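Text of input-v4.cif, listed as mmCIF, C-alpha atoms:
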data_protein
#
loop_
_atom_site.label_atom_id
_atom_site.label_comp_id
_atom_site.auth_asym_id
_atom_site.auth_seq_id
_atom_site.Cartn_x
_atom_site.Cartn_y
_atom_site.Cartn_z
CA MET P 1 -53.67 82.00 54.21
CA ARG P 2 -50.33 82.39 55.97
CA SER P 3 -51.92 84.72 58.54
CA TRP P 4 -54.26 81.90 59.64
CA TYR P 5 -51.25 79.62 60.00
CA TYR P 6 -49.46 82.02 62.35
CA LEU P 7 -52.66 82.62 64.30
CA LEU P 8 -53.10 78.90 64.90
CA LEU P 9 -49.44 78.52 65.75
CA PHE P 10 -49.67 81.30 68.35
CA ALA P 11 -52.92 79.89 69.74
CA GLY P 12 -51.37 76.46 70.09
CA HIS P 13 -48.54 77.94 72.15
CA VAL P 14 -50.97 79.76 74.45
CA PHE P 15 -53.24 76.74 74.85
CA SER P 16 -50.37 74.42 75.71
CA ASP P 17 -49.85 76.41 78.92
CA ALA P 18 -53.52 76.05 79.93
CA CYS P 19 -53.93 72.33 79.21
CA PRO P 20 -52.62 69.42 81.29
CA PRO P 21 -50.57 66.72 79.54
CA LEU P 22 -53.12 64.03 80.49
CA ASP P 23 -56.88 64.13 81.05
CA HIS P 24 -58.65 60.98 82.26
CA GLU P 25 -61.90 62.67 83.33
CA SER P 26 -63.36 64.56 80.35
CA VAL P 27 -66.08 63.25 78.04
CA LEU P 28 -64.73 64.95 74.90
CA GLN P 29 -61.58 63.67 73.21
CA PRO P 30 -58.97 65.46 71.04
CA GLY P 31 -59.14 64.91 67.29
CA TYR P 32 -62.91 64.36 67.11
CA ASP P 33 -65.99 66.18 65.90
CA TYR P 34 -69.21 65.48 67.85
CA SER P 35 -72.88 65.97 67.03
CA TYR P 36 -75.71 66.17 69.57
CA ARG P 37 -79.39 67.03 69.52
CA LEU P 38 -80.68 69.51 72.09
CA GLU P 39 -84.27 69.70 73.36
CA SER P 40 -84.91 72.23 76.08
CA GLY P 41 -88.12 73.51 77.61
CA ALA P 42 -89.66 75.34 80.55
CA SER P 43 -93.13 75.22 82.05
CA THR P 44 -95.10 76.62 84.98
CA GLN P 45 -97.79 75.02 87.09
CA ASP P 46 -100.45 76.65 84.92
CA GLU P 47 -99.03 74.88 81.87
CA HIS P 48 -97.41 77.84 80.12
CA LYS P 49 -94.65 76.25 78.04
CA ILE P 50 -91.75 77.33 75.89
CA SER P 51 -89.26 75.04 74.15
CA VAL P 52 -86.10 75.28 72.08
CA GLN P 53 -84.60 72.66 69.78
CA CYS P 54 -81.08 72.85 68.31
CA GLU P 55 -78.46 70.77 66.60
CA VAL P 56 -75.17 70.95 68.53
CA SER P 57 -71.72 70.56 67.01
CA ILE P 58 -68.55 70.32 69.09
CA SER P 59 -65.14 70.21 67.41
CA HIS P 60 -61.69 69.83 68.87
CA SER P 61 -59.64 72.98 68.30
CA ASP P 62 -56.25 72.61 69.98
CA GLY P 63 -54.98 71.05 73.20
CA CYS P 64 -57.88 71.00 75.64
CA PHE P 65 -59.91 73.59 73.68
CA TYR P 66 -63.08 72.84 71.76
CA LEU P 67 -65.48 74.83 69.60
CA LEU P 68 -69.26 74.76 70.24
CA ARG P 69 -71.74 75.68 67.52
CA LEU P 70 -75.53 75.68 67.61
CA HIS P 71 -77.44 75.41 64.35
CA SER P 72 -80.93 74.64 63.05
CA CYS P 73 -82.41 76.15 66.22
CA PHE P 74 -86.17 76.66 66.62
CA LEU P 75 -88.40 78.20 69.27
CA ASN P 76 -91.90 76.99 70.04
CA ALA P 77 -93.82 79.14 72.52
CA SER P 78 -97.37 78.56 71.33
CA GLN P 79 -99.91 75.79 71.58
CA ASN P 80 -99.55 74.82 67.92
CA ALA P 81 -96.72 73.00 66.20
CA ASP P 82 -95.21 76.07 64.52
CA HIS P 83 -91.48 76.50 65.04
CA ARG P 84 -89.78 79.87 64.68
CA PRO P 85 -86.13 79.84 63.55
CA LEU P 86 -83.61 81.23 66.04
CA SER P 87 -80.86 82.30 63.67
CA GLU P 88 -79.25 84.52 66.33
CA LEU P 89 -78.11 81.40 68.23
CA SER P 90 -76.26 80.08 65.19
CA LYS P 91 -74.35 83.21 64.27
CA TYR P 92 -71.39 82.90 66.66
CA PRO P 93 -69.60 79.85 68.10
CA ILE P 94 -68.00 79.58 71.53
CA LEU P 95 -64.48 78.39 72.27
CA PHE P 96 -64.02 76.64 75.61
CA SER P 97 -61.43 74.66 77.53
CA LEU P 98 -62.26 71.28 79.04
CA VAL P 99 -59.84 70.19 81.77
CA ASN P 100 -60.50 67.04 83.81
CA GLY P 101 -64.25 67.42 83.46
CA GLU P 102 -64.34 71.15 84.21
CA ILE P 103 -64.69 74.21 81.96
CA PRO P 104 -62.43 76.96 83.34
CA GLU P 105 -62.42 79.28 80.29
CA ILE P 106 -64.80 80.43 77.58
CA TYR P 107 -64.09 82.72 74.64
CA THR P 108 -66.95 84.46 72.83
CA ASP P 109 -67.39 86.97 70.05
CA GLU P 110 -67.79 90.55 71.29
CA LYS P 111 -70.93 90.91 69.17
CA ASP P 112 -72.64 87.78 70.51
CA PRO P 113 -75.65 88.91 72.63
CA MET P 114 -75.41 87.94 76.29
CA TYR P 115 -78.67 85.97 76.26
CA CYS P 116 -77.29 83.85 73.40
CA VAL P 117 -74.03 83.27 75.28
CA ASN P 118 -75.99 82.17 78.36
CA ILE P 119 -77.99 79.66 76.31
CA LYS P 120 -74.71 78.22 75.06
CA ARG P 121 -73.42 78.13 78.64
CA SER P 122 -76.39 75.95 79.57
CA VAL P 123 -75.42 73.49 76.82
CA LEU P 124 -71.78 73.47 77.89
CA SER P 125 -72.80 72.74 81.48
CA ALA P 126 -73.85 69.25 80.38
CA PHE P 127 -70.17 68.51 79.70
CA VAL P 128 -69.06 69.54 83.19
CA PHE P 129 -68.86 65.88 84.15
CA LYS P 130 -66.14 63.48 85.30
CA LEU P 131 -65.72 59.91 84.09
CA SER P 132 -64.91 58.88 87.67
CA TYR P 133 -68.58 59.55 88.54
CA VAL P 134 -69.35 56.27 86.75
CA THR P 135 -67.28 54.19 89.16
CA ARG P 136 -68.01 55.71 92.58
CA THR P 137 -70.24 58.01 94.60
CA VAL P 138 -68.86 61.53 94.68
CA ARG P 139 -69.68 64.61 96.77
CA GLU P 140 -67.83 67.69 95.65
CA LEU P 141 -68.16 71.30 94.49
CA ARG P 142 -68.85 71.77 90.79
CA THR P 143 -68.94 74.99 88.78
CA ASP P 144 -71.36 75.36 85.89
CA ILE P 145 -73.84 77.95 84.64
CA GLN P 146 -75.56 78.13 88.05
CA GLY P 147 -72.36 78.91 89.97
CA THR P 148 -70.26 76.76 92.29
CA CYS P 149 -72.58 74.23 93.89
CA PRO P 150 -72.34 71.16 96.14
CA LEU P 151 -72.94 68.14 93.89
CA THR P 152 -73.79 64.54 94.75
CA SER P 153 -73.14 61.93 92.07
CA ALA P 154 -74.16 58.26 92.27
CA THR P 155 -73.98 55.36 89.83
CA PHE P 156 -77.26 53.49 89.32
CA ASP P 157 -76.20 51.19 86.42
CA LYS P 158 -72.43 50.86 86.19
CA ALA P 159 -72.56 48.45 83.24
CA LYS P 160 -74.44 51.02 81.14
CA GLY P 161 -72.45 53.98 82.43
CA SER P 162 -75.56 55.48 84.04
CA VAL P 163 -75.08 58.23 86.63
CA ARG P 164 -77.50 60.42 88.56
CA THR P 165 -76.42 63.80 89.96
CA THR P 166 -78.30 66.14 92.28
CA LYS P 167 -77.62 69.64 93.58
CA ASP P 168 -79.42 72.23 95.67
CA ILE P 169 -79.26 75.57 93.86
CA ARG P 170 -79.95 77.43 97.10
CA ARG P 171 -76.45 76.47 98.22
CA CYS P 172 -74.72 77.68 95.05
CA VAL P 173 -72.37 80.65 95.25
CA PHE P 174 -71.59 83.16 92.53
CA PRO P 175 -68.07 84.51 93.07
CA THR P 176 -68.30 86.71 89.99
CA HIS P 177 -71.73 88.20 90.74
CA ARG P 178 -71.57 91.99 90.85
CA ALA P 179 -74.72 92.49 92.93
CA PRO P 180 -75.90 90.64 96.06
CA ARG P 181 -78.78 88.24 95.60
CA ASN P 182 -82.20 89.35 96.79
CA LYS P 183 -82.52 87.96 100.35
CA ASP P 184 -86.32 88.11 100.31
CA LEU P 185 -86.35 86.04 97.14
CA VAL P 186 -83.88 83.46 98.47
CA GLN P 187 -85.79 83.07 101.73
CA SER P 188 -89.06 82.54 99.85
CA ILE P 189 -87.71 79.71 97.66
CA SER P 190 -88.84 76.57 99.44
CA ASN P 191 -87.12 74.22 97.00
CA SER P 192 -84.69 74.65 94.12
CA THR P 193 -82.93 71.59 92.72
CA VAL P 194 -81.34 70.16 89.61
CA GLU P 195 -81.40 66.41 88.96
CA CYS P 196 -79.59 64.94 85.96
CA GLU P 197 -79.24 61.47 84.54
CA TYR P 198 -76.19 60.76 82.39
CA GLY P 199 -75.47 57.96 79.98
CA VAL P 200 -71.74 57.50 79.30
CA ASN P 201 -69.84 55.31 76.87
CA THR P 202 -66.85 54.51 79.07
CA GLU P 203 -64.87 52.80 76.29
CA SER P 204 -65.05 55.82 73.98
CA LYS P 205 -65.06 58.27 76.92
CA ARG P 206 -68.09 59.92 75.41
CA LEU P 207 -71.31 61.43 76.66
CA GLU P 208 -74.28 59.55 75.17
CA LYS P 209 -77.18 61.31 76.85
CA VAL P 210 -77.95 63.95 79.48
CA ASP P 211 -81.45 64.49 80.87
CA CYS P 212 -81.71 67.31 83.44
CA LYS P 213 -84.71 68.67 85.32
CA GLU P 214 -84.46 71.96 87.19
CA ARG P 215 -87.31 72.59 89.63
CA HIS P 216 -88.16 75.69 91.66
CA ALA P 217 -90.90 76.06 94.28
CA ILE P 218 -91.57 79.60 95.51
CA GLN P 219 -93.64 80.43 98.57
CA LEU P 220 -95.81 83.39 97.55
CA GLU P 221 -98.10 83.36 100.58
CA PRO P 222 -98.39 81.08 103.65
CA PHE P 223 -100.49 78.52 101.77
CA THR P 224 -99.67 79.36 98.14
CA THR P 225 -96.72 78.00 96.20
CA ALA P 226 -95.75 78.65 92.58
CA SER P 227 -93.64 76.14 90.69
CA VAL P 228 -91.44 76.35 87.61
CA GLN P 229 -89.63 73.50 85.88
CA SER P 230 -87.11 73.52 83.06
CA ASN P 231 -85.77 70.48 81.21
CA ILE P 232 -82.75 69.93 79.02
CA LEU P 233 -82.19 66.77 77.00
CA LEU P 234 -78.93 66.33 75.10
CA THR P 235 -78.68 63.23 72.92
CA TYR P 236 -75.61 61.93 71.10
CA VAL P 237 -76.01 61.73 67.33
CA GLY P 238 -72.55 60.82 66.07
CA SER P 239 -68.82 61.55 66.00
CA SER P 240 -65.96 61.32 63.55
CA HIS P 241 -62.24 61.88 63.26
CA GLN P 242 -61.42 65.43 62.28
CA THR P 243 -60.33 66.23 58.76
CA GLU P 244 -59.46 69.89 59.38
CA ARG P 245 -58.77 72.24 62.27
CA LYS P 246 -61.42 74.80 63.16
CA VAL P 247 -60.67 78.54 63.04
CA PHE P 248 -61.68 80.79 65.94
CA SER P 249 -60.14 84.20 65.15
CA SER P 250 -63.09 86.38 66.28
CA LEU P 251 -63.54 84.77 69.72
CA SER P 252 -61.58 87.30 71.77
CA ARG P 253 -63.79 87.95 74.80
CA LYS P 254 -62.53 85.76 77.66
CA THR P 255 -65.15 84.82 80.25
CA HIS P 256 -66.40 81.87 82.34
CA ILE P 257 -69.21 79.30 82.36
CA ILE P 258 -71.25 80.96 85.15
CA PHE P 259 -74.44 82.76 84.10
CA GLU P 260 -73.68 86.37 83.28
CA SER P 261 -76.18 89.18 83.68
CA GLU P 262 -76.18 91.83 81.00
CA VAL P 263 -74.99 95.14 82.42
CA ILE P 264 -77.21 97.95 81.15
CA GLN P 265 -76.52 101.59 81.86
CA ASN P 266 -79.95 103.19 81.85
CA PRO P 267 -80.56 106.85 82.73
CA PRO P 268 -82.77 107.59 85.76
CA LEU P 269 -86.49 107.74 85.02
CA ASP P 270 -89.03 110.20 86.32
CA THR P 271 -91.71 107.54 86.70
CA SER P 272 -94.34 110.07 87.77
CA ARG P 273 -94.19 111.49 84.25
CA SER P 274 -93.56 108.25 82.34
CA LEU P 275 -96.69 106.21 83.08
CA PRO P 276 -97.83 106.71 79.46
CA ALA P 277 -94.50 105.30 78.29
CA ALA P 278 -94.96 102.26 80.55
CA LYS P 279 -98.48 101.75 79.20
CA LYS P 280 -97.13 101.85 75.66
CA MET P 281 -94.34 99.34 76.48
CA LEU P 282 -96.79 96.95 78.15
CA SER P 283 -99.26 97.23 75.28
CA GLU P 284 -96.57 96.35 72.74
CA LEU P 285 -95.29 93.45 74.84
CA VAL P 286 -98.80 92.00 75.19
CA GLU P 287 -99.58 92.37 71.49
CA HIS P 288 -96.30 90.73 70.50
CA SER P 289 -96.91 87.86 72.94
CA MET P 290 -100.43 87.00 71.85
CA VAL P 291 -99.44 83.96 69.78
CA GLU P 292 -95.93 83.18 71.00
CA ILE P 293 -93.06 84.58 73.03
CA LYS P 294 -90.34 85.98 70.79
CA LEU P 295 -86.69 86.56 71.62
CA SER P 296 -86.95 89.79 69.64
CA THR P 297 -89.04 91.25 72.50
CA ILE P 298 -86.11 91.01 74.94
CA PRO P 299 -85.12 94.71 74.53
CA GLN P 300 -88.75 95.75 75.16
CA PHE P 301 -88.97 93.49 78.19
CA ARG P 302 -85.67 94.89 79.50
CA ASP P 303 -86.93 98.48 79.17
CA PHE P 304 -90.10 97.56 81.02
CA VAL P 305 -88.05 95.98 83.82
CA HIS P 306 -86.02 99.17 84.07
CA TRP P 307 -89.18 101.23 84.39
CA ILE P 308 -90.44 99.02 87.21
CA LYS P 309 -87.09 99.11 89.00
CA SER P 310 -87.15 102.89 88.86
CA SER P 311 -90.74 103.25 90.03
CA SER P 312 -91.56 104.13 93.63
CA ASP P 313 -95.31 103.50 93.22
CA LEU P 314 -96.57 100.64 91.06
CA MET P 315 -100.24 100.87 91.96
CA PRO P 316 -101.12 103.32 89.13
CA LEU P 317 -99.77 100.81 86.62
CA LEU P 318 -101.68 97.93 88.23
CA GLU P 319 -104.87 99.98 88.08
CA VAL P 320 -104.17 100.60 84.38
CA VAL P 321 -103.77 96.85 83.88
CA GLU P 322 -107.02 96.13 85.72
CA ARG P 323 -108.94 98.54 83.47
CA CYS P 324 -107.15 97.43 80.30
CA SER P 325 -106.58 101.11 79.55
CA TYR P 326 -102.98 100.43 78.52
CA LEU P 327 -104.15 98.75 75.30
CA THR P 328 -103.96 100.70 72.06
CA GLY P 329 -105.59 100.08 68.71
CA PRO P 330 -108.37 97.60 67.99
CA VAL P 331 -107.08 94.87 70.33
CA ALA P 332 -109.77 93.46 72.64
CA CYS P 333 -109.15 93.35 76.37
CA THR P 334 -110.38 89.94 77.48
CA PRO P 335 -107.82 87.58 75.88
CA LEU P 336 -104.89 89.77 76.86
CA VAL P 337 -105.45 90.52 80.55
CA LYS P 338 -103.89 87.30 81.78
CA VAL P 339 -100.77 87.80 79.67
CA SER P 340 -100.37 91.41 80.80
CA THR P 341 -100.72 90.63 84.51
CA SER P 342 -98.26 87.77 84.11
CA LEU P 343 -95.74 90.11 82.51
CA THR P 344 -96.27 92.63 85.28
CA GLY P 345 -95.87 89.98 87.97
CA ASN P 346 -92.74 88.57 86.36
CA ASN P 347 -91.13 92.00 86.23
CA LEU P 348 -92.04 92.73 89.85
CA PHE P 349 -90.51 89.39 90.76
CA TYR P 350 -87.34 90.26 88.85
CA MET P 351 -87.16 93.69 90.52
CA ASN P 352 -87.89 93.04 94.19
CA PHE P 353 -89.54 90.01 95.69
CA SER P 354 -91.01 91.67 98.77
CA SER P 355 -92.67 94.32 96.59
CA TYR P 356 -93.87 91.54 94.33
CA LEU P 357 -95.67 89.79 97.18
CA PHE P 358 -97.59 92.95 98.08
CA GLU P 359 -98.51 93.80 94.50
CA LEU P 360 -99.42 90.19 93.69
CA ARG P 361 -102.06 90.27 96.40
CA GLN P 362 -103.44 93.41 94.79
CA ILE P 363 -103.49 91.76 91.38
CA ARG P 364 -105.35 88.77 92.79
CA LYS P 365 -108.02 91.11 94.03
CA PHE P 366 -108.65 91.95 90.38
CA LYS P 367 -109.17 88.20 89.74
CA LYS P 368 -107.29 88.40 86.47
CA MET P 369 -104.36 86.08 87.17
#

So, in terms of structure tokens, how does the structure I just supplied come out?
Amino acid sequence: MRSWYYLLLFAGHVFSDACPPLDHESVLQPGYDYSYRLESGASTQDEHKISVQCEVSISHSDGCFYLLRLHSCFLNASQNADHRPLSELSKYPILFSLVNGEIPEIYTDEKDPMYCVNIKRSVLSAFVFKLSYVTRTVRELRTDIQGTCPLTSATFDKAKGSVRTTKDIRRCVFPTHRAPRNKDLVQSISNSTVECEYGVNTESKRLEKVDCKERHAIQLEPFTTASVQSNILLTYVGSSHQTERKVFSSLSRKTHIIFESEVIQNPPLDTSRSLPAAKKMLSELVEHSMVEIKLSTIPQFRDFVHWIKSSSDLMPLLEVVERCSYLTGPVACTPLVKVSTSLTGNNLFYMNFSSYLFELRQIRKFKKM
């Protein structure tokens, strides 16, 4: 028990150096526990949808540091009402600092998977907000999960603490990105914006509601545009004075709020000899995605992406997809072709946009999209 006391005492000394004496901008207050409800979803123009629901708990830790926990999380990626538990999101909390409406530091557990950390970053980004936005129009740079972006904030109902913010993601910069962004991809994005509406209780200095819509329009061909939209809705449930201080001993990995790509050291592939392996990976991905998309398929998807990145000639794989010869077992071809070509297209998109455009035209010739 005494070891926890000294840990907290040491942490309090460290945090006091990082936190300002006064903070008039942040929407979380020391000494409180907060509860929110998260509803997040993404959809494409052809109505493919995936959604995640979570309960969100935020607790004051020390100084300007708070602890974020997700719990009771569910994924719905099918057309029915079945929800699949996402226990991996609830396993580890995140410690973060909130200073005048900005989040300069995040501490995570070393064992927390990067995709889980990024989901938590998206939740934290809702709290990158300044109370002064309620009183005046603001144009400034703001750093959240998408990088450092020009932001415009305007009040549309001052009495209710209602604020609307907009930003153009194409103008965001990623100072911590290790690799340059794909220029072909950036040039082909005709529109990429985030619009959010905030409801703020100015008396309690508390965030009541955040409703954000992220929209992307991508020019595939001169007269063909694909669109993707994601939504995040965070709703205040309640708050209370703290009765005990939260412990955070395992959160030792210091990082930031900007989206972080997982660095994977994969050995080079001889793709001329590994087409059977690619067929097997694609077959398993399609079979596992028949009813719903599962987070457990992320390692398989990542391996498939690596294969595509390492390949100098993708046409043999596309021909395999067209013939459905990648399928194994008793699975019928017809209901799976669309899923498989979508997976192939998504991976080509992830790998190299200019190659994607060429191969997409080939796929369309198969009339299976």

Carefully work through the PyMOL selection byres ((chain P and resi 173) around 8) for this structure and note down the residues it includes, as a PDB file with C-alpha atoms, in the coordinates of the input.
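Wrote it out as result22.pdb, contents follow:
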ATOM      1  CA  GLY P 147     -72.360  78.910  89.970  1.00  0.00           C
ATOM      2  CA  THR P 148     -70.260  76.760  92.290  1.00  0.00           C
ATOM      3  CA  CYS P 149     -72.580  74.230  93.890  1.00  0.00           C
ATOM      4  CA  ARG P 171     -76.450  76.470  98.220  1.00  0.00           C
ATOM      5  CA  CYS P 172     -74.720  77.680  95.050  1.00  0.00           C
ATOM      6  CA  PHE P 174     -71.590  83.160  92.530  1.00  0.00           C
ATOM      7  CA  PRO P 175     -68.070  84.510  93.070  1.00  0.00           C
TER       8      PRO P 175
END

Hey, what's within 12 Å of stretch 153-157 of chain P if we count all atoms listed in the file and toss same-chain stuff fewer than 3 positions away? As a short mmCIF file (atom, residue, chain, number, x, y, z; two decimals) with C-alpha atoms, keeping the file's coordinate frame, please?
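That gives us part08.cif:
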data_model
loop_
_atom_site.label_atom_id
_atom_site.label_comp_id
_atom_site.auth_asym_id
_atom_site.auth_seq_id
_atom_site.Cartn_x
_atom_site.Cartn_y
_atom_site.Cartn_z
CA PHE P 129 -68.86 65.88 84.15
CA LYS P 130 -66.14 63.48 85.30
CA LEU P 131 -65.72 59.91 84.09
CA SER P 132 -64.91 58.88 87.67
CA TYR P 133 -68.58 59.55 88.54
CA VAL P 134 -69.35 56.27 86.75
CA THR P 135 -67.28 54.19 89.16
CA ARG P 136 -68.01 55.71 92.58
CA THR P 137 -70.24 58.01 94.60
CA VAL P 138 -68.86 61.53 94.68
CA ARG P 139 -69.68 64.61 96.77
CA GLU P 140 -67.83 67.69 95.65
CA LEU P 141 -68.16 71.30 94.49
CA ARG P 142 -68.85 71.77 90.79
CA PRO P 150 -72.34 71.16 96.14
CA LYS P 160 -74.44 51.02 81.14
CA GLY P 161 -72.45 53.98 82.43
CA SER P 162 -75.56 55.48 84.04
CA VAL P 163 -75.08 58.23 86.63
CA ARG P 164 -77.50 60.42 88.56
CA THR P 165 -76.42 63.80 89.96
CA THR P 166 -78.30 66.14 92.28
CA LYS P 167 -77.62 69.64 93.58
CA VAL P 194 -81.34 70.16 89.61
CA GLU P 195 -81.40 66.41 88.96
CA CYS P 196 -79.59 64.94 85.96
CA GLU P 197 -79.24 61.47 84.54
CA TYR P 198 -76.19 60.76 82.39
CA GLY P 199 -75.47 57.96 79.98
CA VAL P 200 -71.74 57.50 79.30
#

- Calculate how many Å separate atom CA of P:Cys19 from atom CA of P:Ser59, rounding to one decimal. 16.4 Å

- Task: Just give me the gap between atom CA of P:Asp33 and atom CA of P:Leu233 in Å, one decimal is fine.
- Result: 19.6 Å

Quick one: residues within 12 Å of P:Ser252, only C-alpha atoms counted, chain neighbours fewer than 5 positions away excluded, as a tab-separated table (two decimals) with C-alpha atoms, keeping the file's coordinate frame?
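Output file around.tsv follows:
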chain	number	residue	atom	x	y	z
P	11	ALA	CA	-52.92	79.89	69.74
P	92	TYR	CA	-71.39	82.90	66.66
P	93	PRO	CA	-69.60	79.85	68.10
P	94	ILE	CA	-68.00	79.58	71.53
P	95	LEU	CA	-64.48	78.39	72.27
P	96	PHE	CA	-64.02	76.64	75.61
P	105	GLU	CA	-62.42	79.28	80.29
P	106	ILE	CA	-64.80	80.43	77.58
P	107	TYR	CA	-64.09	82.72	74.64
P	108	THR	CA	-66.95	84.46	72.83
P	109	ASP	CA	-67.39	86.97	70.05
P	110	GLU	CA	-67.79	90.55	71.29
P	111	LYS	CA	-70.93	90.91	69.17
P	112	ASP	CA	-72.64	87.78	70.51

- Atom pair atom CA of P:Gly238 + atom CA of P:Lys205, distance 13.4 Å

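Of the residues under consideration (P:Arg84, P:Phe301, P:Lys279, P:Pro30), P:Lys279 shows the shortest atom-to-atom contact distance to P:Glu319 when counting all atoms listed in the file.
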
- Message: Counting only C-alpha atoms, which residues sit no farther than 8 Å from the position (-85.6, 74.6, 95.5) in the file's frame? I'd like them as a list in words.
- Response: Asp168, Ile169, Arg170, Ile189, Ser190, Asn191, Ser192, Thr193, Arg215, His216, Ala217 and Ile218 of chain P

Please produce, as JSON lines, a per-residue contact table for stretch 43-112 of chain P versus stretch 22-25 of chain P (criterion: any atom at most 10 Å away, only C-alpha atoms considered), showing the nearest atom pair and its distance in Å to one decimal, sorted by chain then residue number.
{"residue": "P:Cys64", "atom": "CA", "partner": "P:Asp23", "partner_atom": "CA", "distance": 8.8}
{"residue": "P:Leu98", "atom": "CA", "partner": "P:Asp23", "partner_atom": "CA", "distance": 9.2}
{"residue": "P:Val99", "atom": "CA", "partner": "P:Asp23", "partner_atom": "CA", "distance": 6.8}
{"residue": "P:Asn100", "atom": "CA", "partner": "P:Glu25", "partner_atom": "CA", "distance": 4.6}
{"residue": "P:Gly101", "atom": "CA", "partner": "P:Glu25", "partner_atom": "CA", "distance": 5.3}
{"residue": "P:Glu102", "atom": "CA", "partner": "P:Glu25", "partner_atom": "CA", "distance": 8.9}

- Message: Can you translate the PyMOL selection byres ((chain P and resi 241) around 6) into the concrete residues it hits in this file, as a ChimeraX atom specification?
- Response: /P:31-32,240,242

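Compared by their closest atoms to P:Gly63, and using only C-alpha atoms, the residues P:Arg245, P:Lys254, P:Arg302, P:Lys280 rank with P:Arg245 nearest.
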
Given the file shown, determine the residues that the PyMOL selection byres ((chain P and resi 126) around 10) selects; report them as a short mmCIF file (atom, residue, chain, number, x, y, z; two decimals) with C-alpha atoms, in the coordinates of the input.
data_model
loop_
_atom_site.label_atom_id
_atom_site.label_comp_id
_atom_site.auth_asym_id
_atom_site.auth_seq_id
_atom_site.Cartn_x
_atom_site.Cartn_y
_atom_site.Cartn_z
CA ARG P 121 -73.42 78.13 78.64
CA SER P 122 -76.39 75.95 79.57
CA VAL P 123 -75.42 73.49 76.82
CA LEU P 124 -71.78 73.47 77.89
CA SER P 125 -72.80 72.74 81.48
CA PHE P 127 -70.17 68.51 79.70
CA VAL P 128 -69.06 69.54 83.19
CA PHE P 129 -68.86 65.88 84.15
CA ASP P 144 -71.36 75.36 85.89
CA ILE P 145 -73.84 77.95 84.64
CA CYS P 196 -79.59 64.94 85.96
CA TYR P 198 -76.19 60.76 82.39
CA LEU P 207 -71.31 61.43 76.66
CA LYS P 209 -77.18 61.31 76.85
CA VAL P 210 -77.95 63.95 79.48
CA ASP P 211 -81.45 64.49 80.87
CA CYS P 212 -81.71 67.31 83.44
CA ILE P 232 -82.75 69.93 79.02
CA LEU P 233 -82.19 66.77 77.00
CA LEU P 234 -78.93 66.33 75.10
#

Neighbouring residues of stretch 89-91 of chain P were defined as those with any atom within 8 Å, considering all atoms listed in the file; residues of the same chain fewer than 3 positions away were excluded. Please report them as a PDB file with C-alpha atoms, in the coordinates of the input.
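Writing the result to out_25.pdb gives the following:
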ATOM      1  CA  ARG P  69     -71.740  75.680  67.520  1.00  0.00           C
ATOM      2  CA  LEU P  70     -75.530  75.680  67.610  1.00  0.00           C
ATOM      3  CA  HIS P  71     -77.440  75.410  64.350  1.00  0.00           C
ATOM      4  CA  SER P  72     -80.930  74.640  63.050  1.00  0.00           C
ATOM      5  CA  CYS P  73     -82.410  76.150  66.220  1.00  0.00           C
ATOM      6  CA  LEU P  86     -83.610  81.230  66.040  1.00  0.00           C
ATOM      7  CA  ASP P 112     -72.640  87.780  70.510  1.00  0.00           C
ATOM      8  CA  CYS P 116     -77.290  83.850  73.400  1.00  0.00           C
TER       9      CYS P 116
END

- For P:Val56, which residue out of P:Ser274, P:Asn201, P:Ser239, P:Asn231 is the nearest one, using only C-alpha atoms?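 Once distances to P:Val56 are computed over only C-alpha atoms, the minimum belongs to P:Ser239.
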
- Task: Tell me which protein, DNA and RNA residues are within 10 Å of P:Ala42, counting all atoms listed in the file, leaving out same-chain ones fewer than 3 positions away, and put them as a PyMOL selection string.
- Result: chain P and resi 47-52+77+213-215+228-232
